[in-house]
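First up is the structure itself, then whatever we jot down about it.
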Number of protein chains: 2
Amino acid sequence: MRIEKDTLPNLLKFVDTRTEEVSNRKEVEEAVEKIIRTVRSKGDSALKEYSQQFDNISINDFLVSQENIDAAYEQTDQAVLTALKEAKQNIESFHKMEVQNNFVDANKPGIIRGEKITPLASVGVYVPGGTAAYPSSILMNVIPAKIAGVQQVVMVTPPQKDGIKPAVLAAAKIAGVDKVFQVGGAQAIAALAYGTESIPKVDKITGPGNAFVATAKKMVFGQVDIDMIAGPSEIGIIASDDANPSQVAADLLSQAEHDKLARPILVTDSEVLASQVSVEVNRQCALLPRREIAQAAVDNEGFIAVVENIDDAFELMNDVAPEHLEVQLNDAISYLNQIKNAGSVFLGFSASEPLGDYLAGPNHILPTGGTARFFSPLGVDDFIKKTQFVSYTKDALEKDAKNITTLARVEGLEAHARAIESRFNGEQM
Amino acid sequence: MRIEKDTLPNLLKFVDTRTEEVSNRKEVEEAVEKIIRTVRSKGDSALKEYSQQFDNISINDFLVSQENIDAAYEQTDQAVLTALKEAKQNIESFHKMEVQNNFVDANKPGIIRGEKITPLASVGVYVPGGTAAYPSSILMNVIPAKIAGVQQVVMVTPPQKDGIKPAVLAAAKIAGVDKVFQVGGAQAIAALAYGTESIPKVDKITGPGNAFVATAKKMVFGQVDIDMIAGPSEIGIIASDDANPSQVAADLLSQAEHDKLARPILVTDSEVLASQVSVEVNRQCALLPRREIAQAAVDNEGFIAVVENIDDAFELMNDVAPEHLEVQLNDAISYLNQIKNAGSVFLGFSASEPLGDYLAGPNHILPTGGTARFFSPLGVDDFIKKTQFVSYTKDALEKDAKNITTLARVEGLEAHARAIESRFNGEQM
């Protein structure tokens, strides 16, 4: 792993450079636009054609039956079921703390004002096929929606020649998914956005996917809500001499193995730690099953920055705004107030990042690519909407009428003013 | 206003039809793409060229001086200042009730978990020029940001031959805007997203604008956060025989005057009220300064639906998901639980919609076009982001290690498992 040593301003500039993913964006956009149009007009029959074309599978019934789901659950290794259930409990207890309340204010005579929270009526969760079908992500998407009170959570996932992975269906059952449909790609997103004979139209679509899925989500945004478009994973670690270089290296690699564009970053005030971690990353990487991916991420995206002191480390890291941030320092929790921009933070030498991916309870669907400056982890807030309300008596309105009509008229909106005055002029306008 | 009378299913289908705004989308996109690229590379000098080209004004200094702002405030009518200050108080007291708290959970031995709320560092508010420069919208954008704790709120607004409207600058001063820049259009959005020599880069851009501004906001989304892209205004009114047809008509027109594509809708169980309101809308409309706009909205977008009963009225209106909803019924507040989808609700005969536009305190930046199914009014939540955190002792991690490594390995992520195990294997991997 390459080591950067420079003044803080130069290091700050450095974090902005990132390999741009080369993609045939225009072609993908045109293909997806056509898929969406076709699914909108032809419904299930379009889904069947696309499943044949893209997945090479002929589907009669998109709905995965409860019998199939139950059978998959039975087939799943007991240790996996235990881990999923433990994870579910922790994710639930964490996200329950996020629940917001309605409020009402009745302190002024004749006036009631408030805000009412309503769960979204239905949500669709996309689960990729193949190796990227992560049971843990099903829990992370579905549980906050259920806590928010969403009545109908449907899951879509590409059909598989050998059937959907048992652990995926087991996770769906444990998370409380209401219906599972075997349909994938842009056609699945189109179906969720507009509805077909068999797939219900939803209010929001969440979950990761390939370029076709991500493009389709962007295109249907506005027709439905979507979650963030996730970029490559990032881990930032702030560590001093007190950290164990082998553990720091292992944590960096845990994100590097996700994607060749993943970004593992260490910021430290210790040159010794920097060079030890650099060596250790290479040693451990060579022993990994996904070493090719991890090594590419380490070589092209990763870096170790050596800074003057720990304050500079936090400044640099706030500029990176990493998806995951580990603070491998003594008394780590005391640095919480120095963290401005990060999705999920792991405090102390034992809080290894995969803890958050699977079990601790916080969400693992997090803002990437520096968007932690303004985006938040997925949570209960993402599955509700707010409605404001006011009630005024005629007396209360009369007291405020002059102020309202003054502002309406300064904005040139005469009908606004007259609507208020209609309450006091009788039928006369 | 045309009256629709049919079965509920047919009426439900009917609400989906909406005039599509014809726009030269491709041309606008290309022009905006070029503007953004130029502002990114050339900074202030590009802004100067575009101000000359589009606004026909030569600008030396984009920053509006405090002296100019103070002078504008002095020039503003006392009644307007009083109304703005009263509005500010109500908007503040309402939005303070939206503030969420950090939480922390330390109930399990060796485990601390929590969520920390951080205000966005800086926000840019776009204020259109000409007749659409609404002082009230400045309050609605800025006050929730300030309550959230945003340190720097900057406002951009197109330069004007005769100077920016005094009431606009007075509203900026009252709302607590930190800096005002006279720059508009797509170039202003580009400047806020990427920063120039004189305009600071922000984390989020809010506020309405023309097609160029809206397109630019969409294009910079991801680089910064943006608020909703607002569509034409809507008002839905549910009313029975008990409502006053003249007041119902006046309220419908208050939104119709905004835009030829605005949509005024009445849903009622009374044929008598339906025909009275229909007549009254035409009579009042003819007397309005903006009668041409209002009449087009009424004729092309508006309708009155007569339903069997009030329950059907709520079902129909939930399908419309209007930006504004008035409930002109006796004991209106008792219907709150029947309202699923609406931006802002006005309960009772005296809660005329313009009350919410200006003074009551709830926000007037609201989801349009049916998006109240999943979007919320602008509020304090829009100006914060959340960061999750966990801290585990080594003992606590050891207890959970098996569950974590089991899930990591079922997902094929070996480096995730090894990161956890590195805590217990010493240096050996």
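Chain identifiers are assigned as A, B, and so on, following the order in which chains appear in the structure tokens; residues are numbered from 1 within each chain, and ligands are numbered from 1 in order of appearance.
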
Requested in this report: May I ask you to extract the residues of chain B within 6 Å of chain A, using only C-alpha atoms, and to give them as a ChimeraX atom specification?
Outcome: /B:83,134,247,250-251,254,343-347,350-351,354,358,374-376,385-394,403-404,411,415-416,419,422

Query raised in the report: Which distance in Å separates CA of Asp311 in chain A and CA of Asn330 in chain A, to one decimal?
Result: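 Between these atoms lies a distance of 14.2 Å.
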
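The list of residues with at least one atom within 7 Å of Ala191 in chain B, based on only C-alpha atoms and without residues fewer than 4 positions apart in the same chain, reads B:Val39, B:Gln187, B:Gly195, B:Thr196, B:Ile199, B:Lys201.
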
Selected residues written out with N, CA, C and O atoms, as a PDB file, in the first residue's frame:
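Now in part.pdb:
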ATOM      1  N   VAL B  39     -18.369  26.524 -15.556  1.00  0.00           N
ATOM      2  CA  VAL B  39     -18.226  27.124 -14.221  1.00  0.00           C
ATOM      3  C   VAL B  39     -17.206  26.336 -13.395  1.00  0.00           C
ATOM      4  O   VAL B  39     -16.392  26.918 -12.675  1.00  0.00           O
ATOM      5  N   GLN B 187     -25.855  28.571 -13.795  1.00  0.00           N
ATOM      6  CA  GLN B 187     -24.497  28.934 -13.373  1.00  0.00           C
ATOM      7  C   GLN B 187     -24.414  29.107 -11.845  1.00  0.00           C
ATOM      8  O   GLN B 187     -23.393  28.768 -11.228  1.00  0.00           O
ATOM      9  N   GLY B 195     -18.138  25.328  -6.088  1.00  0.00           N
ATOM     10  CA  GLY B 195     -17.394  26.449  -5.525  1.00  0.00           C
ATOM     11  C   GLY B 195     -16.672  27.234  -6.614  1.00  0.00           C
ATOM     12  O   GLY B 195     -16.256  26.674  -7.626  1.00  0.00           O
ATOM     13  N   THR B 196     -16.565  28.546  -6.413  1.00  0.00           N
ATOM     14  CA  THR B 196     -15.730  29.388  -7.282  1.00  0.00           C
ATOM     15  C   THR B 196     -14.895  30.256  -6.349  1.00  0.00           C
ATOM     16  O   THR B 196     -14.971  30.109  -5.129  1.00  0.00           O
ATOM     17  N   ILE B 199     -17.895  32.226  -4.608  1.00  0.00           N
ATOM     18  CA  ILE B 199     -19.063  31.486  -4.093  1.00  0.00           C
ATOM     19  C   ILE B 199     -18.580  30.209  -3.400  1.00  0.00           C
ATOM     20  O   ILE B 199     -17.879  29.404  -4.000  1.00  0.00           O
ATOM     21  N   LYS B 201     -18.570  26.440  -1.983  1.00  0.00           N
ATOM     22  CA  LYS B 201     -19.160  25.121  -2.244  1.00  0.00           C
ATOM     23  C   LYS B 201     -20.030  24.731  -1.053  1.00  0.00           C
ATOM     24  O   LYS B 201     -19.606  24.866   0.094  1.00  0.00           O
TER      25      LYS B 201
END

Requested in this report: Could you pull out the residues in range 124-296 of chain A that DSSP calls strand (DSSP E or B) from the backbone, as a ChimeraX atom specification?
Outcome: /A:124-126,152-157,179-182,204-206,221,224-226,234-239,263-268

Selection near Tyr126 in chain B, 10 Å with only C-alpha atoms, sequence-local residues under 4 positions removed, as a CSV table (one decimal) with C-alpha atoms, in the first residue's frame:
chain,number,residue,atom,x,y,z
B,133,ALA,CA,-39.0,36.1,-5.9
B,137,SER,CA,-40.0,31.1,0.5
B,138,ILE,CA,-36.8,32.5,1.9
B,141,ASN,CA,-35.9,27.5,3.2
B,154,VAL,CA,-25.9,31.4,1.5
B,155,MET,CA,-28.5,32.7,-0.9
B,156,VAL,CA,-28.2,33.2,-4.6
B,157,THR,CA,-30.6,35.2,-6.8
B,158,PRO,CA,-30.4,36.5,-10.3
B,181,PHE,CA,-24.8,36.5,-4.0
B,183,VAL,CA,-26.0,35.2,-9.5
B,184,GLY,CA,-28.8,33.1,-11.0
B,185,GLY,CA,-29.6,30.3,-13.4
B,188,ALA,CA,-25.5,29.7,-9.8
B,189,ILE,CA,-26.3,26.1,-9.1
B,192,LEU,CA,-22.8,26.3,-5.3
B,205,ILE,CA,-29.0,23.3,-2.6
B,206,THR,CA,-32.7,24.1,-2.0
B,207,GLY,CA,-35.2,26.4,-3.6
B,208,PRO,CA,-37.3,26.5,-6.7
B,209,GLY,CA,-36.3,27.7,-10.2
B,213,VAL,CA,-32.2,25.7,-12.5
